[in-house]
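**Q** Sharing data-v8.txt (compact mmCIF, C-alpha atoms) below.
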```txt
# COMPACT_ATOMS: atom_id res chain seq x y z
CA MET N 1 41.67 -36.54 -6.57
CA ALA N 2 41.10 -32.79 -6.46
CA LEU N 3 37.56 -32.57 -7.75
CA LEU N 4 35.84 -35.94 -7.26
CA ARG N 5 34.99 -38.29 -4.41
CA PRO N 6 34.45 -42.06 -4.19
CA GLY N 7 31.14 -43.00 -5.79
CA ASP N 8 31.00 -39.98 -8.11
CA VAL N 9 29.79 -40.74 -11.63
CA VAL N 10 32.14 -39.80 -14.49
CA ALA N 11 31.03 -40.06 -18.12
CA VAL N 12 33.68 -41.60 -20.38
CA ASP N 13 33.86 -42.95 -23.89
CA ALA N 14 33.10 -46.65 -24.30
CA LEU N 15 36.70 -46.91 -25.54
CA THR N 16 39.11 -44.69 -23.65
CA TYR N 17 42.63 -44.30 -22.27
CA PRO N 18 43.37 -47.31 -20.01
CA GLY N 19 44.90 -45.10 -17.34
CA CYS N 20 41.48 -43.53 -16.80
CA ARG N 21 40.09 -46.96 -15.86
CA VAL N 22 42.97 -47.60 -13.46
CA LEU N 23 42.57 -44.22 -11.75
CA ALA N 24 38.81 -44.63 -11.47
CA ARG N 25 39.24 -48.02 -9.82
CA THR N 26 41.83 -46.62 -7.42
CA LEU N 27 39.70 -43.61 -6.47
CA GLY N 28 36.38 -45.49 -6.33
CA LEU N 29 34.79 -43.55 -9.20
CA ASP N 30 31.82 -44.90 -11.17
CA LEU N 31 32.58 -44.76 -14.90
CA ALA N 32 29.50 -44.42 -17.12
CA PRO N 33 30.36 -45.36 -20.73
CA LEU N 34 29.11 -43.34 -23.71
CA PRO N 35 28.61 -45.03 -27.09
CA VAL N 36 31.16 -43.92 -29.67
CA THR N 37 30.36 -42.71 -33.18
CA ALA N 38 32.60 -42.18 -36.20
CA ASP N 39 33.71 -38.72 -35.03
CA GLY N 40 33.29 -38.70 -31.27
CA PRO N 41 31.15 -39.70 -28.30
CA ASP N 42 27.37 -39.88 -28.60
CA LEU N 43 26.44 -36.53 -27.05
CA ASP N 44 22.72 -37.25 -27.03
CA ALA N 45 23.56 -40.27 -24.89
CA LEU N 46 25.53 -37.99 -22.56
CA ASP N 47 22.54 -35.68 -22.21
CA ARG N 48 20.24 -38.62 -21.44
CA LEU N 49 22.74 -40.01 -18.93
CA CYS N 50 22.86 -36.66 -17.10
CA ARG N 51 19.06 -36.54 -16.92
CA ARG N 52 18.97 -40.07 -15.48
CA ARG N 53 21.94 -39.97 -13.08
CA ARG N 54 23.89 -37.37 -11.11
CA VAL N 55 27.01 -37.12 -13.28
CA ARG N 56 29.81 -35.04 -11.80
CA ALA N 57 32.32 -34.93 -14.67
CA VAL N 58 33.03 -35.99 -18.22
CA TYR N 59 36.46 -37.23 -19.26
CA ALA N 60 37.13 -36.24 -22.88
CA MET N 61 39.87 -36.46 -25.49
CA PRO N 62 38.49 -34.16 -28.20
CA THR N 63 41.77 -33.81 -30.11
CA LEU N 64 43.54 -37.05 -31.13
CA HIS N 65 41.51 -39.51 -29.12
CA ASN N 66 43.30 -42.55 -27.72
CA PRO N 67 42.69 -45.17 -29.13
CA LEU N 68 40.36 -44.04 -31.95
CA GLY N 69 42.21 -40.96 -33.18
CA TRP N 70 39.22 -38.71 -33.78
CA VAL N 71 39.32 -34.90 -33.70
CA LEU N 72 35.95 -33.59 -32.55
CA PRO N 73 34.50 -30.96 -34.95
CA VAL N 74 33.92 -27.54 -33.44
CA GLU N 75 30.13 -27.81 -33.53
CA ARG N 76 30.27 -31.02 -31.49
CA ARG N 77 32.65 -29.35 -29.03
CA ARG N 78 30.13 -26.57 -28.55
CA ARG N 79 27.39 -29.14 -28.00
CA LEU N 80 29.53 -30.91 -25.36
CA VAL N 81 30.14 -27.60 -23.59
CA GLU N 82 26.41 -26.82 -23.72
CA ILE N 83 25.56 -30.14 -22.05
CA ALA N 84 28.27 -29.66 -19.43
CA ARG N 85 26.98 -26.22 -18.52
CA GLN N 86 23.36 -27.36 -18.47
CA HIS N 87 24.10 -30.22 -16.07
CA GLY N 88 26.91 -28.66 -14.05
CA LEU N 89 29.62 -31.05 -15.25
CA THR N 90 33.34 -30.57 -14.86
CA ILE N 91 35.09 -31.32 -18.16
CA ILE N 92 38.42 -33.13 -17.81
CA GLU N 93 40.16 -32.52 -21.15
CA ASP N 94 43.05 -34.90 -21.86
CA ALA N 95 45.23 -33.28 -24.52
CA SER N 96 48.22 -35.64 -24.37
CA TYR N 97 48.22 -36.28 -28.13
CA ALA N 98 46.65 -33.00 -29.27
CA TYR N 99 49.99 -31.72 -30.57
CA LEU N 100 49.80 -34.23 -33.44
CA ALA N 101 46.69 -32.64 -34.99
CA GLU N 102 47.37 -29.58 -37.12
CA ASP N 103 44.71 -26.88 -37.39
CA ALA N 104 42.52 -28.54 -34.77
CA PRO N 105 39.44 -26.71 -33.43
CA PRO N 106 39.89 -24.76 -30.19
CA PRO N 107 40.25 -26.83 -27.01
CA LEU N 108 37.23 -27.27 -24.78
CA ALA N 109 39.17 -25.21 -22.24
CA MET N 110 38.88 -22.20 -24.55
CA LEU N 111 35.15 -22.75 -25.11
CA ALA N 112 34.36 -23.31 -21.42
CA PRO N 113 37.31 -22.11 -19.29
CA GLU N 114 35.17 -21.95 -16.16
CA ALA N 115 34.23 -25.64 -16.35
CA THR N 116 37.27 -27.35 -17.91
CA VAL N 117 40.43 -28.84 -16.42
CA TYR N 118 42.94 -29.12 -19.28
CA VAL N 119 45.63 -31.76 -18.78
CA SER N 120 48.71 -32.39 -20.91
CA GLY N 121 52.47 -32.80 -20.68
CA LEU N 122 55.74 -33.26 -22.53
CA SER N 123 56.32 -37.02 -22.29
CA LYS N 124 54.46 -37.62 -25.59
CA SER N 125 55.50 -34.56 -27.60
CA VAL N 126 59.14 -34.40 -26.45
CA ALA N 127 60.48 -37.50 -24.68
CA THR N 128 59.08 -40.22 -22.46
CA GLY N 129 61.76 -39.51 -19.87
CA LEU N 130 60.73 -35.86 -19.49
CA ARG N 131 58.02 -36.44 -16.91
CA VAL N 132 56.66 -32.90 -16.82
CA GLY N 133 52.92 -32.38 -17.03
CA PHE N 134 50.70 -29.38 -16.61
CA VAL N 135 47.12 -28.52 -15.75
CA ALA N 136 45.14 -25.43 -16.72
CA ALA N 137 41.94 -24.65 -14.83
CA SER N 138 39.82 -21.79 -13.58
CA PRO N 139 41.22 -19.91 -10.56
CA ALA N 140 38.47 -21.36 -8.36
CA LEU N 141 39.79 -24.90 -8.93
CA VAL N 142 43.50 -24.18 -8.55
CA PRO N 143 43.80 -24.55 -4.74
CA ALA N 144 42.25 -28.03 -4.81
CA LEU N 145 44.47 -29.04 -7.73
CA GLU N 146 47.58 -27.74 -5.97
CA SER N 147 46.67 -29.69 -2.85
CA ALA N 148 46.23 -32.93 -4.83
CA ILE N 149 49.54 -32.43 -6.62
CA ARG N 150 51.33 -31.72 -3.36
CA SER N 151 49.91 -34.85 -1.75
CA THR N 152 51.23 -37.09 -4.55
CA THR N 153 54.52 -35.50 -5.65
CA TRP N 154 55.18 -32.90 -2.92
CA ASN N 155 57.58 -30.95 -5.12
CA THR N 156 58.44 -30.58 -8.80
CA PRO N 157 61.89 -32.02 -9.66
CA ALA N 158 63.93 -28.89 -10.33
CA LEU N 159 66.16 -30.31 -13.08
CA THR N 160 63.38 -31.68 -15.30
CA ALA N 161 61.29 -28.55 -14.77
CA ALA N 162 64.25 -26.38 -15.82
CA ILE N 163 64.81 -28.49 -18.95
CA ALA N 164 61.13 -28.31 -19.84
CA ARG N 165 60.97 -24.55 -19.37
CA ARG N 166 64.10 -23.92 -21.43
CA TRP N 167 62.93 -26.14 -24.28
CA LEU N 168 59.52 -24.49 -24.28
CA ASP N 169 61.12 -21.05 -24.39
CA ASP N 170 63.80 -21.69 -27.01
CA GLY N 171 61.57 -23.47 -29.55
CA THR N 172 62.87 -27.00 -29.00
CA VAL N 173 59.41 -28.34 -28.10
CA GLU N 174 57.80 -26.70 -31.12
CA SER N 175 60.51 -28.08 -33.43
CA LEU N 176 60.16 -31.60 -32.04
CA GLU N 177 56.39 -31.50 -32.43
CA VAL N 178 56.70 -30.53 -36.10
CA ARG N 179 59.14 -33.39 -36.71
CA LYS N 180 56.98 -35.87 -34.83
CA ARG N 181 53.89 -34.94 -36.83
CA GLU N 182 55.79 -35.64 -40.05
CA ASP N 183 57.21 -38.87 -38.65
CA ALA N 184 53.72 -40.01 -37.58
CA ARG N 185 52.36 -39.28 -41.07
CA GLN N 186 55.12 -41.39 -42.60
CA ARG N 187 54.38 -44.25 -40.23
CA GLN N 188 50.65 -44.09 -40.92
CA ALA N 189 51.39 -44.15 -44.66
CA LEU N 190 53.56 -47.20 -44.14
CA ALA N 191 50.78 -48.87 -42.14
CA SER N 192 48.28 -48.10 -44.92
CA GLU N 193 50.61 -49.70 -47.44
CA VAL N 194 51.31 -52.89 -45.48
CA LEU N 195 47.76 -53.32 -44.13
CA ALA N 196 45.96 -52.34 -47.36
CA GLY N 197 42.50 -53.89 -47.50
CA LEU N 198 42.11 -54.34 -43.74
CA PRO N 199 39.60 -52.04 -41.98
CA TRP N 200 41.09 -49.46 -39.63
CA ILE N 201 40.23 -46.39 -37.57
CA GLY N 202 42.64 -43.59 -36.77
CA HIS N 203 44.13 -40.24 -37.68
CA PRO N 204 46.67 -39.70 -40.48
CA SER N 205 49.19 -38.08 -38.13
CA SER N 206 48.81 -40.18 -35.00
CA TYR N 207 51.17 -42.79 -33.58
CA PHE N 208 48.53 -45.51 -33.21
CA ARG N 209 45.89 -47.28 -35.27
CA TRP N 210 42.74 -49.18 -34.29
CA LEU N 211 42.20 -52.40 -36.22
CA PRO N 212 38.63 -53.80 -36.00
CA LEU N 213 38.41 -57.56 -36.40
CA ALA N 214 35.70 -59.93 -37.56
CA PRO N 215 33.06 -60.78 -34.91
CA ASP N 216 34.28 -64.38 -34.71
CA SER N 217 37.95 -63.44 -34.41
CA ARG N 218 40.09 -64.35 -31.42
CA PRO N 219 42.15 -61.24 -30.58
CA ASP N 220 43.84 -63.04 -27.68
CA ARG N 221 45.02 -65.76 -30.05
CA ILE N 222 46.37 -63.17 -32.50
CA VAL N 223 48.18 -61.33 -29.68
CA ALA N 224 49.75 -64.58 -28.46
CA ALA N 225 50.87 -65.55 -31.97
CA LEU N 226 52.42 -62.12 -32.50
CA ALA N 227 54.16 -62.26 -29.13
CA ARG N 228 55.87 -65.47 -30.24
CA ARG N 229 57.16 -63.42 -33.20
CA ARG N 230 58.36 -60.66 -30.82
CA VAL N 231 55.63 -58.24 -31.91
CA ALA N 232 53.54 -56.63 -29.14
CA VAL N 233 50.01 -55.35 -29.78
CA ALA N 234 47.04 -54.72 -27.49
CA THR N 235 43.50 -56.05 -27.61
CA ALA N 236 40.52 -53.78 -26.97
CA GLU N 237 40.11 -55.03 -23.40
CA PRO N 238 42.29 -52.42 -21.61
CA PHE N 239 40.45 -49.62 -23.45
CA ALA N 240 36.86 -50.84 -23.00
CA THR N 241 34.62 -49.37 -20.28
CA THR N 242 31.67 -51.60 -21.24
CA PRO N 243 31.14 -55.26 -20.31
CA ALA N 244 31.03 -56.14 -24.01
CA VAL N 245 34.53 -55.73 -25.43
CA PRO N 246 34.83 -55.15 -29.20
CA GLN N 247 36.97 -57.40 -31.34
CA ALA N 248 39.91 -55.18 -32.24
CA LEU N 249 43.63 -54.56 -31.92
CA ARG N 250 45.46 -51.33 -31.09
CA LEU N 251 48.71 -50.93 -32.99
CA ALA N 252 51.39 -48.56 -31.67
CA LEU N 253 53.48 -47.26 -34.57
CA GLY N 254 56.08 -45.09 -32.90
CA SER N 255 58.35 -47.31 -30.84
CA VAL N 256 60.66 -48.84 -33.48
CA GLY N 257 62.49 -47.84 -36.66
CA HIS N 258 60.67 -47.81 -39.98
CA ALA N 259 62.18 -51.07 -41.25
CA GLU N 260 61.31 -52.92 -38.06
CA LEU N 261 57.84 -51.34 -38.12
CA ARG N 262 57.27 -52.72 -41.63
CA ASP N 263 58.26 -56.19 -40.45
CA GLY N 264 55.98 -55.93 -37.42
CA LEU N 265 53.02 -54.74 -39.48
CA THR N 266 53.60 -57.53 -41.97
CA ALA N 267 53.43 -60.00 -39.09
CA VAL N 268 50.19 -58.38 -37.89
CA ARG N 269 48.64 -58.75 -41.32
CA GLN N 270 49.70 -62.39 -41.59
CA GLU N 271 48.31 -63.34 -38.20
CA VAL N 272 45.02 -61.47 -38.72
CA GLU N 273 44.51 -63.20 -42.07
CA ARG N 274 45.54 -66.56 -40.60
CA ASP N 275 42.96 -66.11 -37.83
CA VAL N 276 40.24 -65.32 -40.38
CA PHE N 277 40.86 -68.50 -42.34
CA ARG N 278 41.60 -70.72 -39.33
```
What is this file in structure tokens?
**A**
Amino acid sequence: MALLRPGDVVAVDALTYPGCRVLARTLGLDLAPLPVTADGPDLDALDRLCRRRRVRAVYAMPTLHNPLGWVLPVERRRRLVEIARQHGLTIIEDASYAYLAEDAPPPLAMLAPEATVYVSGLSKSVATGLRVGFVAASPALVPALESAIRSTTWNTPALTAAIARRWLDDGTVESLEVRKREDARQRQALASEVLAGLPWIGHPSSYFRWLPLAPDSRPDRIVAALARRRVAVATAEPFATTPAVPQALRLALGSVGHAELRDGLTAVRQEVERDVFR
């Protein structure tokens, strides 16, 4: 809202956060998908796209990508920054899950502070009910960002802001992030045990896992069968920015206790295998 106008072209990963698609549709933005590789977006494709079209921004999740879990190596971050500077792109860096990755390379906002808008919050790292987010940007962009925030929320709720500030200052946030990283590692280990032998993509300390399926699979049928067993998973459709949607499931690992998670993952395995041999 602050930096783009209807019709502007925004480069995004071919698989990306569904909220980005919803916002783009609402604001009339033109999303241009980038092919994904094993460890990040295809940056050569981004460079070619910028030479072919007037791209205004690139939406990136370099640390703990949702849904694929990658952490972009530092050399690829520098290459992304180089392309952004060469073509005058604004980098929108979504760091919602970055807290889960230990010893990650520096954020894009540190490599290109003049061109990056860094977005994160506390609803993932602390509690879903603590709806406090934050944006870091160059001073030149702050007035437009403040205007957009004011037009949508008018004012920051004083109570939640006070809680967030206190917990940031007294170490509560840092402590919770350490505990969540360990919890996520345990849940990923449990998923590896129950789903052993099935292909997957993800990060060892994230709260989600991407499960590629066979080309002739029916993800919608698997989702429906799991729903009848009171297990909710997502297909690739909400995450895809290309007309061709890959055959895959996204598994969220953090919403139930470990015992219930084991049961749910067992159900996922059974339905995936049943679909293969149907």
**Q** Which is closest to Pro157 of chain N among N:Pro139, N:Gly133, N:Pro18, N:Pro215, if we use all atoms listed in the file?
**A**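 Of all the options, N:Gly133 lies closest to Pro157 of chain N.
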**Q** Using atom CA of Arg79 of chain N and atom CA of Asp42 of chain N as the two end points, give the distance in Å to one decimal.
**A**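 Separation between atom CA of Arg79 of chain N and atom CA of Asp42 of chain N: 10.8 Å.
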**Q** I'd like the contact shell of Val22 of chain N - 12 Å cut-off, only C-alpha atoms, skipping same-chain residues fewer than 3 positions apart - returned as a PDB file with C-alpha atoms, in the frame of the given file.
**A**
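Result went into selection06.pdb, see below:
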```pdb
ATOM      1  CA  THR N  16      39.110 -44.690 -23.650  1.00  0.00           C
ATOM      2  CA  TYR N  17      42.630 -44.300 -22.270  1.00  0.00           C
ATOM      3  CA  PRO N  18      43.370 -47.310 -20.010  1.00  0.00           C
ATOM      4  CA  GLY N  19      44.900 -45.100 -17.340  1.00  0.00           C
ATOM      5  CA  ARG N  25      39.240 -48.020  -9.820  1.00  0.00           C
ATOM      6  CA  THR N  26      41.830 -46.620  -7.420  1.00  0.00           C
ATOM      7  CA  LEU N  27      39.700 -43.610  -6.470  1.00  0.00           C
ATOM      8  CA  GLY N  28      36.380 -45.490  -6.330  1.00  0.00           C
ATOM      9  CA  LEU N  29      34.790 -43.550  -9.200  1.00  0.00           C
ATOM     10  CA  ASP N  30      31.820 -44.900 -11.170  1.00  0.00           C
ATOM     11  CA  LEU N  31      32.580 -44.760 -14.900  1.00  0.00           C
ATOM     12  CA  PRO N 238      42.290 -52.420 -21.610  1.00  0.00           C
ATOM     13  CA  PHE N 239      40.450 -49.620 -23.450  1.00  0.00           C
ATOM     14  CA  ALA N 240      36.860 -50.840 -23.000  1.00  0.00           C
ATOM     15  CA  THR N 241      34.620 -49.370 -20.280  1.00  0.00           C
TER      16      THR N 241
END
```
**Q** Between atom CA of Ala101 of chain N and atom CA of Val71 of chain N, what is the distance in Å, rounded to a tenth?
**A** 7.8 Å
**Q** Record the distance separating atom CA of Pro243 of chain N and atom CA of Pro6 of chain N, expressed in Å with one decimal.
**A**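 Computing it gives 21.1 Å between the two atoms.
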**Q** Just want the 12 Å neighbourhood of Arg269 of chain N, counted on all atoms listed in the file, with same-chain residues fewer than 3 positions away dropped. Output as a ChimeraX atom specification.
**A** /N:191-199,211,213,222-223,225-226,231,249,251,262-266,272-276
**Q** I need the residues from that last selection saved to file as a short mmCIF file (atom, residue, chain, number, x, y, z; two decimals), in the coordinates of the input (with C-alpha atoms), if you can.
**A**
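File out.cif, as written:
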```
data_model
loop_
_atom_site.label_atom_id
_atom_site.label_comp_id
_atom_site.auth_asym_id
_atom_site.auth_seq_id
_atom_site.Cartn_x
_atom_site.Cartn_y
_atom_site.Cartn_z
CA ALA N 191 50.78 -48.87 -42.14
CA SER N 192 48.28 -48.10 -44.92
CA GLU N 193 50.61 -49.70 -47.44
CA VAL N 194 51.31 -52.89 -45.48
CA LEU N 195 47.76 -53.32 -44.13
CA ALA N 196 45.96 -52.34 -47.36
CA GLY N 197 42.50 -53.89 -47.50
CA LEU N 198 42.11 -54.34 -43.74
CA PRO N 199 39.60 -52.04 -41.98
CA LEU N 211 42.20 -52.40 -36.22
CA LEU N 213 38.41 -57.56 -36.40
CA ILE N 222 46.37 -63.17 -32.50
CA VAL N 223 48.18 -61.33 -29.68
CA ALA N 225 50.87 -65.55 -31.97
CA LEU N 226 52.42 -62.12 -32.50
CA VAL N 231 55.63 -58.24 -31.91
CA LEU N 249 43.63 -54.56 -31.92
CA LEU N 251 48.71 -50.93 -32.99
CA ARG N 262 57.27 -52.72 -41.63
CA ASP N 263 58.26 -56.19 -40.45
CA GLY N 264 55.98 -55.93 -37.42
CA LEU N 265 53.02 -54.74 -39.48
CA THR N 266 53.60 -57.53 -41.97
CA VAL N 272 45.02 -61.47 -38.72
CA GLU N 273 44.51 -63.20 -42.07
CA ARG N 274 45.54 -66.56 -40.60
CA ASP N 275 42.96 -66.11 -37.83
CA VAL N 276 40.24 -65.32 -40.38
#
```
**Q** Fewer than 2 positions away in the same chain doesn't count, so skip those; otherwise give me all residues within 10 Å of Leu34 of chain N, counting all atoms listed in the file, as a VMD selection string.
**A** chain N and resid 11 to 15 31 to 32 36 to 37 40 to 46 49 58 241 to 242
**Q** Around segment 37-45 of chain N, fit a box with edges along x, y and z, padding it by 4 Å on each side, then list its centre and edge lengths in Å to one decimal as lines of an AutoDock Vina configuration file.
**A**
```
center_x = 28.2
center_y = -39.6
center_z = -30.5
size_x = 19.0
size_y = 14.2
size_z = 19.3
```
**Q** Neighbours of Asp183 of chain N within 9 Å (only C-alpha atoms; same-chain residues fewer than 6 positions away dropped), as a short mmCIF file (atom, residue, chain, number, x, y, z; two decimals) with C-alpha atoms, in the frame of the given file?
**A**
```cif
data_model
loop_
_atom_site.label_atom_id
_atom_site.label_comp_id
_atom_site.auth_asym_id
_atom_site.auth_seq_id
_atom_site.Cartn_x
_atom_site.Cartn_y
_atom_site.Cartn_z
CA SER N 205 49.19 -38.08 -38.13
CA TYR N 207 51.17 -42.79 -33.58
CA GLY N 254 56.08 -45.09 -32.90
#
```
**Q** Let me make sure I understand: among N:Gln86, N:Arg218, N:Leu168, N:Arg150, which one has the smallest atom-to-atom distance to Gly121 of chain N if we use only C-alpha atoms?
**A**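 Of N:Gln86, N:Arg218, N:Leu168, N:Arg150, the one nearest Gly121 of chain N is N:Leu168, counting only C-alpha atoms.
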**Q** Of the residues N:Ala104, N:Leu4, N:Pro73, N:Val268, which is the one nearest to Ile92 of chain N, using all atoms listed in the file?
**A**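 Among the listed residues, N:Leu4 lies closest to Ile92 of chain N.
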**Q** Could you check the closest approach to Ala252 of chain N for each of N:Thr128, N:Asn66, N:Gln270, N:Ser175 and tell me which residue wins, using all atoms listed in the file?
**A**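 Closest candidate: N:Asn66.
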